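Student: As input, take target-v7.tsv (TSV, C-alpha atoms):
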```tsv
chain	number	residue	atom	x	y	z
A	16	MET	CA	121.88	176.08	91.60
A	17	LYS	CA	119.97	175.64	94.82
A	18	LEU	CA	117.58	173.18	93.08
A	19	LYS	CA	120.54	171.16	91.77
A	20	LYS	CA	122.10	170.98	95.24
A	21	THR	CA	118.75	169.90	96.69
A	22	LEU	CA	118.39	167.22	93.99
A	23	PHE	CA	121.89	165.90	94.63
A	24	ALA	CA	121.22	165.88	98.34
A	25	GLY	CA	117.98	163.92	97.78
A	26	ILE	CA	119.74	161.37	95.58
A	27	ALA	CA	122.49	160.99	98.17
A	28	ALA	CA	119.91	160.51	100.90
A	29	LEU	CA	118.09	157.85	98.85
A	30	ALA	CA	121.36	156.09	98.10
A	31	GLY	CA	122.24	156.16	101.79
A	32	ALA	CA	118.83	154.81	102.74
A	33	SER	CA	119.12	152.07	100.10
A	34	THR	CA	122.55	151.08	101.41
A	35	LEU	CA	121.22	151.03	104.95
A	36	LEU	CA	118.24	148.89	103.89
A	37	THR	CA	120.48	146.47	102.01
A	38	SER	CA	122.81	146.23	105.00
A	39	SER	CA	119.85	145.64	107.32
A	40	MET	CA	118.46	142.90	105.05
A	41	ALA	CA	121.88	141.25	104.83
A	42	LEU	CA	122.24	141.40	108.61
A	43	ALA	CA	118.73	140.00	109.08
A	44	GLN	CA	119.55	137.09	106.76
A	45	LYS	CA	122.84	136.51	108.57
A	46	ASP	CA	121.07	136.35	111.94
A	47	TRP	CA	118.18	134.27	110.57
A	48	PRO	CA	116.35	132.57	112.20
A	49	THR	CA	115.39	134.62	115.25
A	50	LYS	CA	112.09	132.84	115.94
A	51	SER	CA	110.38	129.49	115.41
A	52	ILE	CA	109.82	128.15	111.90
A	53	GLN	CA	106.52	126.72	110.69
A	54	LEU	CA	106.72	123.49	108.67
A	55	VAL	CA	103.38	123.09	106.88
A	56	VAL	CA	102.10	119.57	106.11
A	57	PRO	CA	99.17	119.28	103.65
A	58	PHE	CA	97.67	116.21	105.31
A	59	ALA	CA	96.29	115.17	108.67
A	60	ALA	CA	98.56	114.03	111.49
A	61	GLY	CA	99.61	110.40	111.50
A	62	GLY	CA	100.08	109.80	107.77
A	63	PRO	CA	103.40	109.09	106.00
A	64	THR	CA	104.07	112.74	105.06
A	65	ASP	CA	103.32	113.91	108.60
A	66	THR	CA	105.57	111.18	109.97
A	67	ILE	CA	108.48	112.31	107.81
A	68	ALA	CA	107.86	115.97	108.70
A	69	ARG	CA	107.99	115.27	112.44
A	70	LEU	CA	111.11	113.15	112.08
A	71	ILE	CA	113.08	115.92	110.35
A	72	ALA	CA	111.58	118.89	112.27
A	73	VAL	CA	113.49	118.32	115.51
A	74	PRO	CA	117.00	117.90	114.06
A	75	MET	CA	116.42	120.75	111.59
A	76	GLY	CA	115.46	122.97	114.52
A	77	GLN	CA	118.56	121.92	116.41
A	78	SER	CA	120.77	122.87	113.46
A	79	LEU	CA	119.04	126.22	112.99
A	80	GLY	CA	118.87	127.09	116.68
A	81	GLN	CA	115.10	127.56	116.64
A	82	THR	CA	112.11	125.24	117.02
A	83	VAL	CA	110.57	123.89	113.80
A	84	VAL	CA	106.83	123.54	114.47
A	85	VAL	CA	104.74	121.18	112.32
A	86	GLU	CA	101.37	122.57	111.25
A	87	ASN	CA	98.85	120.26	109.56
A	88	VAL	CA	96.72	122.01	106.91
A	89	PRO	CA	94.75	119.19	105.23
A	90	GLY	CA	92.20	119.46	102.44
A	91	ALA	CA	91.73	119.46	98.65
A	92	GLY	CA	94.61	117.10	97.95
A	93	GLY	CA	97.16	119.50	99.38
A	94	THR	CA	96.10	122.58	97.41
A	95	ILE	CA	94.91	124.45	100.52
A	96	ALA	CA	98.29	124.10	102.19
A	97	SER	CA	100.16	124.84	98.95
A	98	THR	CA	98.18	128.07	98.52
A	99	LYS	CA	98.87	129.07	102.13
A	100	VAL	CA	102.62	128.63	101.68
A	101	ALA	CA	102.73	130.27	98.25
A	102	ARG	CA	101.10	133.37	99.78
A	103	ALA	CA	103.23	133.40	102.94
A	104	ALA	CA	105.92	135.99	103.56
A	105	PRO	CA	109.15	134.90	101.82
A	106	ASP	CA	111.23	135.19	104.98
A	107	GLY	CA	111.99	131.54	105.68
A	108	TYR	CA	109.66	131.28	108.66
A	109	THR	CA	107.10	129.30	106.66
A	110	ILE	CA	108.35	126.21	104.83
A	111	TYR	CA	106.52	123.30	103.27
A	112	ILE	CA	106.81	119.54	102.83
A	113	HIS	CA	104.66	117.88	100.17
A	114	HIS	CA	104.71	114.62	98.29
A	115	MET	CA	104.15	113.89	94.59
A	116	GLY	CA	100.85	115.77	94.82
A	117	MET	CA	102.91	118.82	93.84
A	118	ALA	CA	103.38	117.19	90.43
A	119	THR	CA	99.76	116.16	89.89
A	120	ALA	CA	97.92	119.31	91.01
A	121	ASN	CA	97.96	121.09	87.66
A	122	ALA	CA	96.35	118.13	85.90
A	123	LEU	CA	93.84	117.47	88.69
A	124	TYR	CA	92.56	120.98	89.38
A	125	ASP	CA	91.52	123.90	87.17
A	126	LYS	CA	92.83	127.41	87.86
A	127	LEU	CA	95.15	126.72	90.77
A	128	PRO	CA	95.98	129.88	92.76
A	129	TYR	CA	99.66	128.92	92.54
A	130	ASP	CA	102.05	127.28	90.08
A	131	PRO	CA	104.03	124.30	91.42
A	132	MET	CA	107.00	125.22	89.21
A	133	THR	CA	107.15	128.98	89.81
A	134	SER	CA	105.48	129.81	93.15
A	135	PHE	CA	108.11	128.20	95.38
A	136	GLU	CA	111.80	128.00	96.09
A	137	TYR	CA	113.24	124.48	96.17
A	138	ILE	CA	115.07	123.35	99.31
A	139	GLY	CA	115.55	119.67	98.49
A	140	GLN	CA	114.08	116.21	98.16
A	141	VAL	CA	113.69	114.20	101.33
A	142	ALA	CA	112.54	110.59	101.13
A	143	ASP	CA	110.62	108.06	99.05
A	144	VAL	CA	107.92	105.70	100.30
A	145	PRO	CA	107.59	102.57	98.11
A	146	MET	CA	104.24	101.01	97.22
A	147	VAL	CA	102.93	97.49	96.70
A	148	LEU	CA	100.15	96.14	94.50
A	149	LEU	CA	97.96	94.14	96.89
A	150	GLY	CA	95.08	91.72	96.48
A	151	LYS	CA	92.54	90.35	98.92
A	152	LYS	CA	93.46	87.07	100.58
A	153	ASP	CA	90.96	84.88	98.70
A	154	LEU	CA	91.58	86.34	95.22
A	155	PRO	CA	91.95	83.35	92.82
A	156	ALA	CA	95.27	84.62	91.46
A	157	ASN	CA	98.42	83.75	93.42
A	158	ASN	CA	101.09	85.58	91.38
A	159	PHE	CA	101.29	88.42	88.88
A	160	LYS	CA	100.95	86.23	85.79
A	161	GLU	CA	97.78	84.67	87.20
A	162	LEU	CA	96.51	88.12	88.24
A	163	GLU	CA	96.99	89.48	84.74
A	164	ALA	CA	95.03	86.56	83.27
A	165	TYR	CA	92.29	86.96	85.91
A	166	ILE	CA	91.94	90.67	85.20
A	167	LYS	CA	91.76	90.22	81.44
A	168	ALA	CA	89.14	87.50	81.87
A	169	ASN	CA	86.96	89.50	84.26
A	170	GLY	CA	87.54	93.13	83.24
A	171	SER	CA	85.36	95.64	85.05
A	172	LYS	CA	84.14	92.96	87.46
A	173	VAL	CA	87.46	93.39	89.23
A	174	THR	CA	87.38	96.15	91.84
A	175	MET	CA	90.31	98.39	92.77
A	176	ALA	CA	90.19	100.55	95.89
A	177	ASN	CA	91.90	103.90	96.27
A	178	ALA	CA	92.08	106.78	98.76
A	179	GLY	CA	90.05	109.18	96.61
A	180	PRO	CA	90.52	111.38	93.54
A	181	GLY	CA	94.12	112.41	93.09
A	182	ALA	CA	95.48	110.18	95.85
A	183	VAL	CA	98.70	108.35	95.09
A	184	SER	CA	96.90	105.03	95.51
A	185	GLN	CA	94.50	106.05	92.74
A	186	LEU	CA	97.28	107.27	90.45
A	187	CYS	CA	99.23	104.07	90.96
A	188	GLY	CA	96.12	102.04	90.17
A	189	LEU	CA	95.38	104.07	87.04
A	190	LEU	CA	98.94	103.70	85.79
A	191	PHE	CA	98.71	99.95	86.41
A	192	GLN	CA	95.46	99.72	84.43
A	193	SER	CA	96.89	101.87	81.66
A	194	ARG	CA	99.93	99.63	81.32
A	195	LEU	CA	97.75	96.52	81.17
A	196	GLY	CA	95.28	98.17	78.79
A	197	VAL	CA	92.28	97.42	81.02
A	198	LYS	CA	89.54	99.32	82.81
A	199	LEU	CA	88.66	98.08	86.29
A	200	THR	CA	85.94	99.31	88.65
A	201	ASN	CA	87.71	101.92	90.77
A	202	ILE	CA	86.25	102.49	94.23
A	203	PRO	CA	87.29	105.69	96.05
A	204	TYR	CA	87.52	105.88	99.84
A	205	LYS	CA	88.23	108.72	102.24
A	206	GLY	CA	91.80	107.62	102.81
A	207	THR	CA	93.91	104.49	102.47
A	208	GLY	CA	92.95	103.40	106.00
A	209	PRO	CA	89.34	102.47	105.16
A	210	ALA	CA	90.41	101.19	101.73
A	211	LEU	CA	92.88	98.80	103.34
A	212	THR	CA	90.27	97.75	105.89
A	213	ASP	CA	87.91	96.70	103.10
A	214	LEU	CA	90.71	94.89	101.27
A	215	LEU	CA	91.47	92.95	104.44
A	216	GLY	CA	87.77	92.20	104.79
A	217	GLY	CA	87.51	90.99	101.18
A	218	GLN	CA	85.09	93.71	100.05
A	219	VAL	CA	87.44	94.86	97.26
A	220	ASP	CA	89.91	92.96	95.08
A	221	LEU	CA	92.96	95.18	94.68
A	222	LEU	CA	94.72	98.16	96.22
A	223	CYS	CA	97.99	99.95	95.52
A	224	ASP	CA	99.26	101.15	98.91
A	225	GLN	CA	102.36	102.36	100.71
A	226	THR	CA	104.69	99.97	102.50
A	227	THR	CA	104.56	101.98	105.73
A	228	GLN	CA	101.26	100.36	106.66
A	229	THR	CA	101.02	97.22	104.54
A	230	ILE	CA	104.15	95.13	105.16
A	231	PRO	CA	102.84	93.55	108.40
A	232	TYR	CA	99.75	92.32	106.54
A	233	ILE	CA	101.87	90.97	103.69
A	234	LYS	CA	104.12	89.06	106.08
A	235	ASP	CA	101.26	87.45	108.00
A	236	GLY	CA	99.44	86.48	104.80
A	237	ARG	CA	96.33	88.62	105.33
A	238	VAL	CA	96.79	90.13	101.86
A	239	LYS	CA	98.50	88.98	98.68
A	240	ALA	CA	101.41	91.03	97.34
A	241	PHE	CA	101.61	90.87	93.54
A	242	GLY	CA	104.53	93.22	93.09
A	243	THR	CA	106.32	96.29	94.37
A	244	THR	CA	106.28	99.56	92.44
A	245	THR	CA	110.06	99.93	92.73
A	246	LEU	CA	112.77	99.01	90.24
A	247	LYS	CA	114.57	96.90	92.85
A	248	ARG	CA	113.14	94.49	95.41
A	249	LEU	CA	112.57	95.84	98.89
A	250	PRO	CA	114.79	94.48	101.70
A	251	ALA	CA	111.78	94.26	104.02
A	252	ILE	CA	109.94	91.90	101.63
A	253	PRO	CA	112.67	90.38	99.43
A	254	ASN	CA	110.44	87.55	98.20
A	255	VAL	CA	108.00	89.97	96.56
A	256	PRO	CA	109.08	90.65	92.94
A	257	THR	CA	108.86	94.09	91.40
A	258	LEU	CA	106.23	94.82	88.76
A	259	ASN	CA	109.14	95.92	86.58
A	260	GLU	CA	110.76	92.47	86.61
A	261	GLN	CA	107.40	90.80	85.95
A	262	GLY	CA	106.81	92.50	82.62
A	263	LEU	CA	105.75	96.07	83.37
A	264	LYS	CA	109.08	97.53	82.32
A	265	GLY	CA	109.97	100.80	84.00
A	266	PHE	CA	106.92	100.71	86.28
A	267	GLU	CA	107.93	102.86	89.23
A	268	VAL	CA	105.72	104.72	91.68
A	269	LYS	CA	107.23	106.14	94.84
A	270	VAL	CA	105.60	108.62	97.16
A	271	TRP	CA	108.46	111.10	96.99
A	272	HIS	CA	108.68	114.15	99.24
A	273	GLY	CA	110.30	117.56	98.95
A	274	VAL	CA	110.75	120.67	101.09
A	275	TYR	CA	109.85	124.09	99.66
A	276	ALA	CA	109.76	127.76	100.68
A	277	PRO	CA	107.71	130.68	99.30
A	278	LYS	CA	109.04	132.27	96.12
A	279	GLY	CA	111.44	135.11	96.89
A	280	THR	CA	112.88	133.60	100.06
A	281	PRO	CA	116.47	134.99	100.25
A	282	GLN	CA	119.16	132.67	98.93
A	283	ALA	CA	121.08	132.85	102.21
A	284	VAL	CA	118.00	131.56	104.05
A	285	GLN	CA	117.46	128.83	101.47
A	286	ASP	CA	121.06	127.72	101.95
A	287	LYS	CA	120.61	127.49	105.72
A	288	LEU	CA	117.41	125.47	105.30
A	289	ASN	CA	119.14	123.11	102.87
A	290	MET	CA	122.05	122.66	105.27
A	291	ALA	CA	119.65	121.87	108.12
A	292	LEU	CA	117.72	119.39	105.95
A	293	LYS	CA	120.91	117.58	104.95
A	294	LYS	CA	122.06	117.36	108.57
A	295	ALA	CA	118.66	116.01	109.64
A	296	LEU	CA	118.70	113.29	106.98
A	297	ASN	CA	122.27	112.33	107.94
A	298	SER	CA	121.31	111.94	111.58
A	299	PRO	CA	121.74	108.27	112.65
A	300	ASP	CA	118.47	108.44	114.62
A	301	VAL	CA	116.48	109.80	111.66
A	302	LYS	CA	118.06	107.26	109.31
A	303	LYS	CA	117.17	104.38	111.63
A	304	ARG	CA	113.58	105.54	112.20
A	305	LEU	CA	112.94	106.07	108.49
A	306	GLU	CA	114.46	102.68	107.70
A	307	ASP	CA	112.22	101.03	110.31
A	308	ALA	CA	109.21	102.66	108.61
A	309	ASN	CA	110.38	101.36	105.18
A	310	ILE	CA	111.05	104.91	103.99
A	311	ASP	CA	114.09	105.53	101.78
A	312	ILE	CA	116.20	108.69	102.11
A	313	VAL	CA	117.04	110.01	98.63
A	314	PRO	CA	120.67	110.13	97.38
A	315	ALA	CA	122.71	113.14	98.52
A	316	GLU	CA	122.61	114.88	95.12
A	317	LYS	CA	118.82	115.01	95.28
A	318	ILE	CA	118.79	116.82	98.63
A	319	SER	CA	119.24	120.06	96.72
A	320	ALA	CA	117.27	122.77	94.94
A	321	LYS	CA	118.30	121.43	91.54
A	322	GLY	CA	117.52	117.84	92.49
A	323	LEU	CA	114.00	118.69	93.67
A	324	LYS	CA	113.19	121.04	90.79
A	325	ASN	CA	114.33	118.55	88.14
A	326	HIS	CA	112.40	115.71	89.77
A	327	LEU	CA	109.23	117.78	90.07
A	328	GLU	CA	109.38	118.72	86.39
A	329	THR	CA	109.93	115.09	85.38
A	330	GLU	CA	107.00	113.90	87.50
A	331	ILE	CA	104.67	116.57	86.07
A	332	ASN	CA	105.44	115.23	82.59
A	333	VAL	CA	104.86	111.63	83.73
A	334	TRP	CA	101.57	112.07	85.57
A	335	GLY	CA	99.88	114.78	83.52
A	336	PRO	CA	99.03	112.50	80.56
A	337	VAL	CA	97.95	109.64	82.87
A	338	ILE	CA	95.53	111.86	84.79
A	339	ARG	CA	94.08	113.55	81.71
A	340	LYS	CA	93.58	110.22	79.95
A	341	ALA	CA	91.79	108.81	83.02
A	342	ASN	CA	89.57	111.90	83.25
A	343	ILE	CA	89.87	112.07	87.08
A	344	PRO	CA	87.75	112.17	89.17
A	345	ASP	CA	86.87	108.62	88.18
```
Take the structure in the file and give it back as structure tokens.
Tutor:
Amino acid sequence: MKLKKTLFAGIAALAGASTLLTSSMALAQKDWPTKSIQLVVPFAAGGPTDTIARLIAVPMGQSLGQTVVVENVPGAGGTIASTKVARAAPDGYTIYIHHMGMATANALYDKLPYDPMTSFEYIGQVADVPMVLLGKKDLPANNFKELEAYIKANGSKVTMANAGPGAVSQLCGLLFQSRLGVKLTNIPYKGTGPALTDLLGGQVDLLCDQTTQTIPYIKDGRVKAFGTTTLKRLPAIPNVPTLNEQGLKGFEVKVWHGVYAPKGTPQAVQDKLNMALKKALNSPDVKKRLEDANIDIVPAEKISAKGLKNHLETEINVWGPVIRKANIPD
């Protein structure tokens, strides 16, 4: 009888402790955040992803009542930063912004220490950066039809720069070559900066690059723009046709971005982060600054967990076959 009473007392104590723990966790989530939040960026400061991160960090912090601090963790195409976030405490104090590299990692690297589809919680998509297929100023071709003929006549003699294995500029270039059924000489650089410098200097023939840094050179005629990688023409360069309208049907490459949190982050915290992200992207100042940088905020329905997860899955299915066929690194 005494043993039974002791057992019942122990069960009651455990139940009480469990209720207290649950109440404490609920209270902690209700009060969250109580300290600064770390927004990890997988690239060096100054690039398009870092620019977007710093634009949304301040208004997100204002909504949450705590500072959102940007931390740059570059290296290995974003896998170092992704691993860091995947292993971080799932308490909402470490969040992550990454571009389409989340969708290409599985095909590019063997034995990743994380799974892009299962190691994170999805907060929402953020913004897309369009790209343009560029040629050096003195390339004989003056439009896409002439470029296609020039490429097919010269084959591997034509050089195409990129920012290194796995970079979006390389993936865009590989998709372009795949659609044309050609194999060019691909030249990797340590970033799009030096690749663009050599294109401007005439050392390479072609480059697929983001609009954030190329539109001024297109407008002053220092490079030739053969087509945008969007389905609609860009307001900043309305006279440049899309590759889609010039025969490469459905050709679309945008450097899309999403915000993530470690797997297991409480739903209440995820909801607060999503709310703060939506408010940041609806800020007139953020909208204007992104527009000035030729960066497009995604539609409202995509600024959600479902929107980001669905897009990531779609992009994995698009880029996996392209990367494996190209046998990157090239």
Student: Determine, counting all atoms listed in the file, which protein, DNA and RNA residues have an atom within 10 Å of an atom of Ile331 in chain A; residues of the same chain fewer than 2 positions away are not included. Present the result as a ChimeraX atom specification.
Tutor: /A:115-122,131-132,326-329,333-336
Student: Compile a residue-level contact table for range 93-158 of chain A against range 290-311 of chain A at a cut-off of 6 Å, reporting for every qualifying residue the shortest atom pair and its distance in Å to one decimal, with only C-alpha atoms counted, rows ordered by chain and ascending number, as JSON lines.
Tutor:
```
{"residue": "A:Ala142", "atom": "CA", "partner": "A:Asp311", "partner_atom": "CA", "distance": 5.3}
{"residue": "A:Asp143", "atom": "CA", "partner": "A:Asp311", "partner_atom": "CA", "distance": 5.1}
{"residue": "A:Val144", "atom": "CA", "partner": "A:Ile310", "partner_atom": "CA", "distance": 4.9}
```
Student: Can you pull out every residue within 12 Å of Gln261 in chain A, counting all atoms listed in the file, but drop anything in the same chain fewer than 3 positions away, and send it as a count of residues only?
Tutor: 21
Student: Hey, can you check how far CA of Ile71 in chain A sits from CA of Thr226 in chain A?
Tutor: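 Computing the Euclidean distance for CA of Ile71 in chain A and CA of Thr226 in chain A yields 19.7 Å.
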Student: Quick check, in Å to one decimal: how far apart do CA of Ala251 in chain A and CA of Asp153 in chain A lie?
Tutor: 23.4 Å
Student: Excluding same-chain residues fewer than 6 positions from range 81-98 of chain A, what lies within 9 Å of it counting only C-alpha atoms, as a count of residues only?
Tutor: 33
